[in-house]
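Student: Here it is, the structure in full.
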Amino acid sequence: MTAEGSIPAPEDLWRQFTDICAIPHPSGHEEALREMLARRARDAGLAVRTDRAGNLRIDRPAAPGREQHPLILLQGHLDMVPQVDAGTVFDFLHDPIAVEMRDGWMTSAGNRTSLGADNGIGLAAAMALLLDPGLDAGPLALLATVQEETGMAGAFGVDPEFLECGLLLNLDTETEGDFCLGCAGGVRLEICFRTDPLPCPSGLKGARIAVSGMKGGHSGTDIGLGRGNALCVLLDFLAGHHACRIAEFHGGSLDNAIPREAAALVAIPPDELPTLAAHAAEIARELRRKFDVFPEFAMTVVPADVPETIWSKEAARQVVDALRRVPNGVLEYSDTLQSTVTSSNLAVVQSFPGEVRARCLTRSFDDAKRNAAARDIALCCVRNGASVQSSDPYPGWTPQPETCWLKRITALYREMFAAEPRRMAVHAGLECGIFAARRTGLNMLSIGPDIENPHSPSERVGIASVERFYRFLRRVLQEPDLFSPNLTMEQKS
């Protein structure tokens with residue numbers, strides 16, 4: 001770790017986190033990280049279990065005199081979203097993520113890759129607490145799930161016994177002081193168009209049109225921040241230039257990340273290149289005023305090899321028209337919740353010989369509105385000759401009513417920081433929605449430190465925020481009057 005000084009407090013948490021960063025753990029490849037955490041727990045004499053889905057549960061017994069307290073389950077996910085900056089060579093299956101501290105934040109070294117603070121910081125906090133010999137707390141456990149970022153497979157497949165607890169504290173919220181009490185559900189759409197490839201006519205020249213330097217970010221929490229979508233920008237450009245005969249199109253990488261880059265290989269008349277390049281530069285200037293983009297944001301048109309085949313005109317019209325009409329961004333906003341209610345992210349477009357595949361992720365606090373938005377997208381694409389399949393639907397989490405334990409935690413936060421926590425719901429998928437559906441009456445709260453720009457190379461986590469988050473979490477676990485054996489009875493009163 002490179003740093004401005006020594007490891008900040010709490011040292012145990014930051015050591016756990018840097019160790020987590022050193023082990024590759026993108027979605028679907030969490031085995032090495034899971035085994036590292038399990039090994040540390042076993043070495044400390046803690047009970048370790050793994051269920052069929054690959055989720056990990058670690059149990060720590062109560063401190064003397066705390067045996068009758070309800071078990072508190074700390075919960076996070078093992079996987080991270082692998083995102084790399086353009087021009088950087090990085091293998092997320094083998095390369096460790098180097099980290100650095102700068103100006104009060106921790107980032108990946110040089111902001112070249114996503115950091116994995118989502119949800120590595122939550123896991124690090126939980127492990128530091130489980131292994132803390134001085135923690136005077138009741139029974140405590142960690143549930144670390146797999147594949148949260150790619151469909152929440154771990155949450156869907158969790159062993160019901162792994163959810164046994166008096167209170168579940170999810171550690172995946174990304175703003176300090178937020179008490180998250182609800183989350184959006186979501187559904188993924190996979191869209192496929194035929195492109196009817198034809199030989200490229202003689203006399204045309206090749207050109208590459210590229211959009212780069214958009215900020216991207218989380219397709220739920222960042223969808224309303226005015227960052228734009230590189231795919232939509234490129235589709236709009238192509239729609240206005242019918243002389244461009246499309247050969248290839250690609251952009252975006254993951255369903256839950258707003259696309260930062262997109263590019264198309266086209267064939268054009270020889271005299272069109274200067275006009276296209278000038279128009280692209282003009283559009284880039286307009287987009288800098290419209291969207292929150294990086295200083296290096298650019299839209300360029302440069303010469304390229306002449307493609308061997310191009311899409312038919314009708315196929316190109318169908319693909320571009322349909323994807324431009326796909327609802328994208330914030331579809332409904334609630335002033336009451338101060339949050340996006342329903343949204344959709346055109347996340348990935350890739351062309352292959354003879355076809356184009358696109359993916360969207362639609363979210364909503366209301367499952368009926370989520371499904372309605374997905375139907376609108378599907379209908380728009382089917383009318384243009386595409387086939388559409390939905391997958392991985394997951395439910396939202398309805399905020400719980402006022403409870404005694406929530407009042408106590410709120411009062412404790414107020415006492416520690418002389419501030420009122422913000423009770424809110426997040427426009428993103430939290431595993432809590434699935435847990436709520438799997439176990440009726442489960443008491444849950446989601447908290448976390450400040451994490452900015454998750455799911456992007458600009459991801460960073462506030463160092464002082466992590467210290468306060470950890471101190472609060474540790475105090476909650478040790479508060480003698482916070483959780484009594486009659487917790488469930490009190491909450492019903």
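By convention here, the chains of the structure tokens are called A, B, ... in the order presented, each chain's residues are numbered starting at 1, and ligands are numbered starting at 1 in the order presented.
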Would you mind writing down, as a PyMOL selection string, each residue of region 190-303 of chain A that DSSP on the backbone assigns to strand (DSSP E or B)?

Tutor: chain A and resi 190-194+198-199+205-214+218+245-251+257+262-268+293-303

Student: Show me, as JSON, numbers by chain, the residues that have an atom within 9 Å of Arg245 (chain A) when counting only C-alpha atoms, minus same-chain residues fewer than 4 positions from it.

Tutor: {"A": [200, 265, 266, 267, 268, 310, 311, 312, 313, 316]}

Student: Val301 (chain A): which residues within 9 Å, counting only C-alpha atoms, same-chain residues fewer than 5 positions away excluded, as a ChimeraX atom specification?

Tutor: /A:207-210,273-274,276-278,280-281

Student: With the cut-off set at 12 Å and counting only C-alpha atoms, tabulate each residue of region 185-222 of chain A with an atom at most that distance from an atom of region 387-393 of chain A, showing the nearest atom pair and its distance in Å to one decimal, ordered by chain and increasing number, as a Markdown table.

Tutor:
```
| residue | atom | partner | partner_atom | distance |
| --- | --- | --- | --- | --- |
| A:Gly185 | CA | A:Pro393 | CA | 7.5 |
| A:Gly186 | CA | A:Pro393 | CA | 5.6 |
| A:Val187 | CA | A:Pro393 | CA | 4.2 |
| A:Arg188 | CA | A:Ser391 | CA | 5.2 |
| A:Leu189 | CA | A:Ser390 | CA | 4.5 |
| A:Glu190 | CA | A:Gln389 | CA | 5.2 |
| A:Ile191 | CA | A:Val388 | CA | 4.6 |
| A:Cys192 | CA | A:Ser387 | CA | 5.3 |
| A:Phe193 | CA | A:Ser387 | CA | 6.7 |
| A:Arg194 | CA | A:Ser387 | CA | 9.2 |
```

Student: Name the residues in contact with Ala230 (chain A) at a cut-off of 9 Å, using only C-alpha atoms, excluding same-chain residues fewer than 2 positions from it; report them as a PyMOL selection string.

Tutor: chain A and resi 211-214+216+228+232-235+251-252+258-263

Student: Would you list the contacts of Lys290 (chain A) as a VMD selection string, taking every protein, DNA or RNA residue within 12 Å and counting only C-alpha atoms, but skipping same-chain residues closer than 2 positions in sequence?

Tutor: chain A and resid 214 225 to 229 233 283 to 288 292 to 293

Student: As an exercise, work out the distance from CA of Arg383 (chain A) to CA of Val356 (chain A) in Å and give it to one decimal place.

Tutor: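 If I compute the distance from CA of Arg383 (chain A) to CA of Val356 (chain A), I get 15.6 Å.
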
Student: Listing only residues of region 288-375 of chain A within 9 Å of region 421-442 of chain A, what is the closest atom pair and its distance in Å (to one decimal) for each, using only C-alpha atoms, sorted by chain and residue number ascending, as JSON lines?

Tutor:
```
{"residue": "A:Leu337", "atom": "CA", "partner": "A:Met424", "partner_atom": "CA", "distance": 6.7}
{"residue": "A:Gln338", "atom": "CA", "partner": "A:Met424", "partner_atom": "CA", "distance": 8.2}
{"residue": "A:Ser339", "atom": "CA", "partner": "A:His427", "partner_atom": "CA", "distance": 6.8}
{"residue": "A:Thr340", "atom": "CA", "partner": "A:His427", "partner_atom": "CA", "distance": 6.1}
{"residue": "A:Val341", "atom": "CA", "partner": "A:His427", "partner_atom": "CA", "distance": 6.8}
{"residue": "A:Thr342", "atom": "CA", "partner": "A:His427", "partner_atom": "CA", "distance": 8.0}
{"residue": "A:Ser343", "atom": "CA", "partner": "A:His427", "partner_atom": "CA", "distance": 8.6}
{"residue": "A:Arg363", "atom": "CA", "partner": "A:Ala428", "partner_atom": "CA", "distance": 7.3}
{"residue": "A:Ser364", "atom": "CA", "partner": "A:His427", "partner_atom": "CA", "distance": 7.2}
{"residue": "A:Phe365", "atom": "CA", "partner": "A:His427", "partner_atom": "CA", "distance": 7.3}
```

Student: Go through A:Leu163, A:Leu33, A:Ala117, A:Ala368 one by one, measure the shortest atom-to-atom distance of each to Pro449 (chain A) using only C-alpha atoms, and give the residue with the smallest value.

Tutor: A:Ala117

Student: Select, from A:Leu37, A:Leu198, A:Ala374, A:Ala419, the residue with the minimum atom-to-atom distance to Glu314 (chain A), counting only C-alpha atoms.

Tutor: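 Going through A:Leu37, A:Leu198, A:Ala374, A:Ala419 one by one, the smallest distance to Glu314 (chain A) is for A:Leu198.
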
Student: Considering only C-alpha atoms, can you say which of A:Arg102, A:Arg66, A:His455, A:Arg49 comes closest to Pro480 (chain A)?

Tutor: A:Arg66

Student: Just give me the gap between CA of Phe179 (chain A) and CA of Pro395 (chain A) in Å, one decimal is fine.

Tutor: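 Spanning CA of Phe179 (chain A) to CA of Pro395 (chain A) is a straight-line distance of 19.5 Å.
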
Student: With distances taken over only C-alpha atoms, which of A:Glu272, A:Glu100, A:Asp118, A:Asp196 is nearest to Glu149 (chain A)?

Tutor: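 That would be A:Asp118, the residue with the smallest distance to Glu149 (chain A).
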
Student: Take CA of Leu115 (chain A) and CA of Val348 (chain A) and report the distance between them in Å, one decimal.

Tutor: 21.3 Å

Student: Under the rule that only C-alpha atoms are counted, which of A:Val461, A:Leu181, A:Pro199, A:Phe472 is the nearest residue to Thr398 (chain A)?

Tutor: A:Leu181

Student: Could you give me, as a ChimeraX atom specification, each residue of region 78-241 of chain A that DSSP assigns to alpha helix (DSSP H) when run on this structure's backbone?

Tutor: /A:117-130,153-156,230-239
